[in-house]
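Asks: upload-v8.cif (mmCIF, C-alpha atoms) pasted underneath:
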data_structure
#
loop_
_atom_site.label_atom_id
_atom_site.label_comp_id
_atom_site.auth_asym_id
_atom_site.auth_seq_id
_atom_site.Cartn_x
_atom_site.Cartn_y
_atom_site.Cartn_z
CA LEU A 1 -115.59 7.77 -34.74
CA GLY A 2 -113.72 6.43 -31.75
CA ILE A 3 -114.78 2.81 -32.21
CA PRO A 4 -113.56 2.33 -35.81
CA VAL A 5 -110.33 4.27 -35.22
CA ALA A 6 -109.47 2.51 -31.97
CA GLY A 7 -110.63 -0.87 -33.28
CA THR A 8 -108.49 -0.58 -36.39
CA LEU A 9 -105.37 0.56 -34.59
CA LEU A 10 -105.74 -1.72 -31.58
CA GLN A 11 -103.86 -4.74 -32.92
CA ARG A 12 -100.82 -2.64 -33.76
CA LEU A 13 -100.95 -0.88 -30.40
CA VAL A 14 -101.23 -4.19 -28.56
CA LYS A 15 -98.17 -5.56 -30.37
CA THR A 16 -96.33 -2.32 -29.65
CA TYR A 17 -97.07 -1.88 -25.95
CA PHE A 18 -97.68 -5.39 -24.63
CA PRO A 19 -95.49 -8.49 -24.49
CA PRO A 20 -96.36 -11.35 -26.88
CA GLU A 21 -98.12 -13.42 -24.21
CA ARG A 22 -100.71 -10.65 -23.76
CA THR A 23 -101.55 -9.98 -27.42
CA GLY A 24 -104.50 -12.37 -27.35
CA LEU A 25 -105.99 -11.21 -24.04
CA VAL A 26 -105.97 -7.44 -24.56
CA PRO A 27 -108.20 -7.35 -27.69
CA VAL A 28 -110.72 -9.59 -25.91
CA LEU A 29 -110.76 -7.19 -22.95
CA TYR A 30 -111.22 -4.28 -25.36
CA MET A 31 -114.19 -5.96 -27.04
CA LEU A 32 -115.62 -6.96 -23.68
CA ALA A 33 -115.44 -3.36 -22.49
CA MET A 34 -116.91 -2.00 -25.73
CA MET A 35 -119.84 -4.42 -25.94
CA GLY A 36 -120.43 -4.36 -22.19
CA GLY A 37 -120.46 -0.57 -22.24
CA ALA A 38 -122.94 -0.60 -25.12
CA ALA A 39 -125.21 -3.00 -23.22
CA VAL A 40 -125.11 -0.91 -20.05
CA SER A 41 -125.68 2.38 -21.87
CA SER A 42 -128.62 0.92 -23.82
CA ALA A 43 -130.24 -0.33 -20.64
CA VAL A 44 -129.80 2.83 -18.55
CA ALA A 45 -130.21 5.58 -21.19
CA VAL A 46 -133.95 6.06 -20.65
CA PRO A 47 -133.95 5.78 -16.83
CA LEU A 48 -131.02 8.21 -16.76
CA ALA A 49 -132.88 10.64 -19.03
CA ASP A 50 -135.91 10.43 -16.73
CA ARG A 51 -133.77 11.06 -13.66
CA LEU A 52 -131.81 13.94 -15.20
CA GLY A 53 -134.83 15.45 -16.91
CA SER A 54 -133.63 15.30 -20.53
CA TRP A 55 -132.06 13.03 -23.12
CA GLN A 56 -129.28 15.61 -23.47
CA GLY A 57 -128.34 15.06 -19.84
CA SER A 58 -128.37 11.29 -20.32
CA LEU A 59 -126.17 11.50 -23.40
CA GLY A 60 -123.89 14.13 -21.89
CA SER A 61 -123.27 12.04 -18.77
CA TRP A 62 -121.23 9.62 -20.87
CA THR A 63 -118.75 12.43 -21.48
CA VAL A 64 -117.29 11.56 -18.08
CA VAL A 65 -116.54 8.02 -19.26
CA ALA A 66 -115.07 9.34 -22.52
CA VAL A 67 -112.75 11.74 -20.65
CA VAL A 68 -111.57 8.90 -18.40
CA GLY A 69 -110.87 6.84 -21.53
CA VAL A 70 -108.86 9.64 -23.11
CA LEU A 71 -106.82 10.08 -19.93
CA ALA A 72 -106.16 6.33 -19.85
CA TRP A 73 -104.67 6.54 -23.36
CA VAL A 74 -102.30 9.40 -22.53
CA PRO A 75 -99.54 7.21 -21.03
CA PHE A 76 -99.42 5.14 -24.23
CA THR A 77 -98.77 8.25 -26.31
CA VAL A 78 -95.76 9.36 -24.27
CA ARG A 79 -94.18 6.07 -23.18
CA ALA A 80 -91.36 4.45 -25.13
CA ASN A 81 -92.11 1.07 -26.67
CA PRO A 82 -90.33 -1.68 -24.69
CA HIS A 83 -91.32 -4.63 -26.86
CA HIS A 84 -90.57 -3.73 -30.46
CA THR A 85 -87.75 -5.08 -32.53
CA PRO A 86 -85.73 -2.99 -35.01
CA ASP A 87 -87.49 -4.45 -38.06
CA GLU A 88 -90.83 -3.25 -36.71
CA GLU A 89 -89.88 0.42 -36.96
CA GLY A 90 -91.85 2.61 -39.31
CA PRO A 91 -95.44 2.52 -40.46
CA GLY A 92 -95.07 -0.25 -43.04
CA ARG A 93 -96.77 -0.40 -46.42
CA LEU A 94 -100.52 -0.38 -46.80
CA PRO A 95 -101.94 -3.51 -48.49
CA TRP A 96 -103.69 -1.72 -51.37
CA ARG A 97 -103.21 -4.68 -53.76
CA HIS A 98 -103.81 -7.46 -51.26
CA ARG A 99 -107.06 -9.28 -52.11
CA THR A 100 -107.56 -10.70 -48.63
CA ALA A 101 -107.17 -7.27 -47.06
CA TRP A 102 -109.96 -5.93 -49.28
CA LEU A 103 -112.19 -8.92 -48.51
CA VAL A 104 -111.69 -8.49 -44.77
CA ALA A 105 -112.28 -4.75 -45.02
CA GLY A 106 -115.46 -5.34 -47.02
CA TYR A 107 -116.72 -7.95 -44.58
CA LEU A 108 -116.05 -5.73 -41.57
CA ALA A 109 -117.71 -2.77 -43.31
CA LEU A 110 -120.87 -4.84 -43.93
CA GLN A 111 -120.80 -6.24 -40.39
CA SER A 112 -120.50 -2.72 -38.97
CA TRP A 113 -123.29 -1.53 -41.25
CA CYS A 114 -125.58 -4.26 -39.91
CA PHE A 115 -124.64 -3.64 -36.29
CA TYR A 116 -124.95 0.14 -36.35
CA SER A 117 -128.17 -0.05 -38.36
CA ALA A 118 -129.63 -2.30 -35.67
CA VAL A 119 -128.37 -0.07 -32.86
CA THR A 120 -129.71 3.05 -34.60
CA TRP A 121 -133.12 1.84 -35.77
CA LEU A 122 -134.35 -0.98 -33.54
CA ALA A 123 -135.36 1.08 -30.51
CA PRO A 124 -137.10 3.91 -32.44
CA THR A 125 -138.89 1.39 -34.66
CA TYR A 126 -140.34 -0.50 -31.71
CA VAL A 127 -141.25 2.73 -29.90
CA GLU A 128 -143.27 3.62 -33.01
CA HIS A 129 -144.94 0.20 -32.69
CA GLY A 130 -146.08 1.13 -29.18
CA TRP A 131 -143.25 -0.16 -26.99
CA SER A 132 -142.10 1.91 -24.04
CA LYS A 133 -138.72 3.56 -24.43
CA GLY A 134 -137.38 1.50 -21.54
CA LYS A 135 -138.40 -1.78 -23.17
CA ALA A 136 -136.89 -0.65 -26.48
CA GLY A 137 -133.64 0.17 -24.64
CA ALA A 138 -133.72 -3.29 -23.07
CA LEU A 139 -133.95 -4.75 -26.58
CA LEU A 140 -130.65 -3.07 -27.45
CA ALA A 141 -129.12 -4.24 -24.18
CA VAL A 142 -130.06 -7.84 -25.05
CA LEU A 143 -128.45 -7.42 -28.49
CA ASN A 144 -125.20 -6.20 -26.96
CA ILE A 145 -125.14 -8.86 -24.24
CA ALA A 146 -125.56 -11.55 -26.91
CA ALA A 147 -122.67 -10.00 -28.83
CA LEU A 148 -120.46 -10.43 -25.76
CA VAL A 149 -120.92 -14.20 -25.93
CA THR A 150 -119.55 -14.64 -29.43
CA THR A 151 -116.96 -11.90 -28.95
CA LEU A 152 -115.39 -14.00 -26.22
CA ILE A 153 -115.99 -17.53 -27.53
CA ILE A 154 -115.65 -17.49 -31.32
CA PRO A 155 -112.04 -16.18 -31.51
CA TRP A 156 -110.99 -19.02 -29.21
CA PHE A 157 -112.74 -21.61 -31.42
CA ALA A 158 -111.49 -20.04 -34.65
CA ASP A 159 -107.89 -20.20 -33.46
CA ARG A 160 -108.23 -23.90 -32.65
CA ARG A 161 -110.67 -25.20 -35.28
CA GLY A 162 -109.15 -24.21 -38.59
CA SER A 163 -110.63 -21.93 -41.23
CA ARG A 164 -112.63 -18.90 -40.23
CA ARG A 165 -114.71 -19.16 -43.43
CA LEU A 166 -117.20 -21.48 -41.77
CA TYR A 167 -117.82 -19.02 -38.93
CA LEU A 168 -118.10 -16.06 -41.29
CA SER A 169 -120.53 -17.92 -43.57
CA VAL A 170 -122.76 -19.26 -40.80
CA PHE A 171 -123.01 -15.94 -38.97
CA SER A 172 -123.60 -14.03 -42.21
CA ALA A 173 -126.51 -16.32 -43.08
CA ALA A 174 -127.91 -16.02 -39.57
CA MET A 175 -127.65 -12.22 -39.79
CA ALA A 176 -129.70 -12.25 -43.00
CA LEU A 177 -132.25 -14.53 -41.32
CA SER A 178 -132.60 -12.22 -38.33
CA ALA A 179 -133.07 -9.17 -40.56
CA ALA A 180 -135.83 -11.03 -42.41
CA GLY A 181 -137.26 -12.04 -39.03
CA PHE A 182 -137.51 -8.44 -37.86
CA ALA A 183 -139.30 -7.55 -41.09
CA GLY A 184 -141.64 -10.56 -41.26
CA LEU A 185 -142.13 -11.54 -37.61
CA PRO A 186 -141.52 -8.38 -35.56
CA GLY A 187 -143.17 -9.93 -32.50
CA GLY A 188 -140.07 -12.08 -32.01
CA ALA A 189 -137.94 -8.98 -31.45
CA PHE A 190 -135.93 -10.32 -28.52
CA VAL A 191 -135.14 -13.56 -30.37
CA TRP A 192 -133.96 -11.65 -33.44
CA ALA A 193 -131.97 -9.26 -31.22
CA VAL A 194 -130.13 -12.23 -29.71
CA VAL A 195 -129.36 -13.61 -33.18
CA ILE A 196 -128.09 -10.25 -34.46
CA GLY A 197 -126.03 -9.82 -31.31
CA LEU A 198 -124.45 -13.25 -31.69
CA CYS A 199 -123.69 -12.55 -35.35
CA THR A 200 -122.16 -9.10 -34.86
CA GLY A 201 -120.17 -10.31 -31.88
#
Would you mind giving the structure from this file in structure tokens?

Replies:
Amino acid sequence: LGIPVAGTLLQRLVKTYFPPERTGLVPVLYMLAMMGGAAVSSAVAVPLADRLGSWQGSLGSWTVVAVVGVLAWVPFTVRANPHHTPDEEGPGRLPWRHRTAWLVAGYLALQSWCFYSAVTWLAPTYVEHGWSKGKAGALLAVLNIAALVTTLIIPWFADRRGSRRLYLSVFSAAMALSAAGFAGLPGGAFVWAVVIGLCTG
């Protein structure tokens, strides 16, 4: 719940609380933290469960990180906005009839569906195929590390190389290829994990 809410509201918050010269850097740092955190948690979940004696302990340990995150947000909820202009006041109108808004929303919904499906099912599927839980966790870590690469690089290219349609089309096709690869050639799991990571990033 936190990822879609924070991800959706982030651009507005960045424009509200940060000066214009920082509005490109902050979202990249957010994505870096999110994908990096996912990679770390995927890699250490099983060793942590072994050390703490249960998966509940492993999962619950991340509560500490969540509480720190909530505390970090508190200043933004109480501080006045130093960067807004008068015409930015108010919530604005939602783009219910804007075709591009619906296309972007649909694309992001499908991208999220692919990413969270991979994160949810890859490790259990390969454990059922005889992999150790640690190796299956490493597979997810590889996926998230690959996502970091495109998260950092592609926005820079897209801003300087024209239309984003090319990037969206190429990565969508590669995502479909990797899904087919998992189904038809499951032995190449780490290769397909890299491709899915690059595409979702």

Asks: Which value, in Å to one decimal, gives the distance between CA of Asp50 in chain A and CA of Thr125 in chain A?

Replies: 20.3 Å

Asks: Name the residues that the PyMOL selection byres ((chain A and resi 28) around 12) picks from the file above, as a VMD selection string, using the file's chain letters and numbers.

Replies: chain A and resid 7 10 to 11 14 22 to 27 29 to 36 148 to 156 201

Asks: For each of A:Pro75, A:Pro19, A:Gly197, A:Gly181, take the minimum atom-to-atom distance to Val119 in chain A, counting all atoms listed in the file, then give the residue where this is smallest.

Replies: A:Gly197

Asks: Tell me which of A:Arg12, A:Gly187, A:Tyr167, A:Trp102 sits closest to Gly130 in chain A, counting all atoms listed in the file.

Replies: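 Closest to Gly130 in chain A of all the choices is A:Gly187.
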
Asks: Go through A:Leu140, A:Tyr107, A:Ser112, A:Ala43 one by one, measure the shortest atom-to-atom distance of each to Arg165 in chain A using all atoms listed in the file, and give the residue with the smallest value.

Replies: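 Counting all atoms listed in the file, the residue closest to Arg165 in chain A is A:Tyr107.
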
Asks: Taking the file as I've supplied it (selection: the PyMOL selection byres ((chain A and resi 137) around 10)), which residues are included? Please answer as a list in words.

Replies: Ala39, Val40, Ser41, Ser42, Ala43, Val44, Ala45, Val46, Pro47, Val119, Leu122, Ala123, Pro124, Tyr126, Val127, Trp131, Ser132, Lys133, Gly134, Lys135, Ala136, Ala138, Leu139, Leu140, Ala141, Val142 and Leu143 of chain A

Asks: Which is closest to Asn144 in chain A among A:Gly106, A:Gly37, A:Gly184, A:Gly60, if we use only C-alpha atoms?

Replies: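 The answer is A:Gly37, which sits nearest to Asn144 in chain A.
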
Asks: For CA of Phe115 in chain A and CA of Phe190 in chain A, determine how far apart the two atoms are, in Å to one decimal place.

Replies: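 Going from CA of Phe115 in chain A over to CA of Phe190 in chain A covers 15.2 Å.
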
Asks: Between CA of Ala173 in chain A and CA of Thr120 in chain A, measure the distance and give it in Å to one decimal.

Replies: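 Going from CA of Ala173 in chain A over to CA of Thr120 in chain A covers 21.4 Å.
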
Asks: Return the single residue from A:Phe18, A:Phe171, A:Trp96, A:Trp55 that is closest to Cys114 in chain A, with distances computed using all atoms listed in the file.

Replies: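 The closest residue to Cys114 in chain A is A:Phe171.
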
Asks: Which residue is closest to Met175 in chain A? Choose from A:Gln111, A:Ala146, A:Gly188, A:Ala66 and count all atoms listed in the file.

Replies: A:Gln111

Asks: For range 116-132 of chain A, what centre and edge lengths in Å (one decimal) does the axis-aligned box get once 5 Å is added on each side of all its listed atoms, as JSON?

Replies:
{"center_x": -135.5, "center_y": 0.8, "center_z": -31.2, "size_x": 31.1, "size_y": 16.2, "size_z": 24.3}
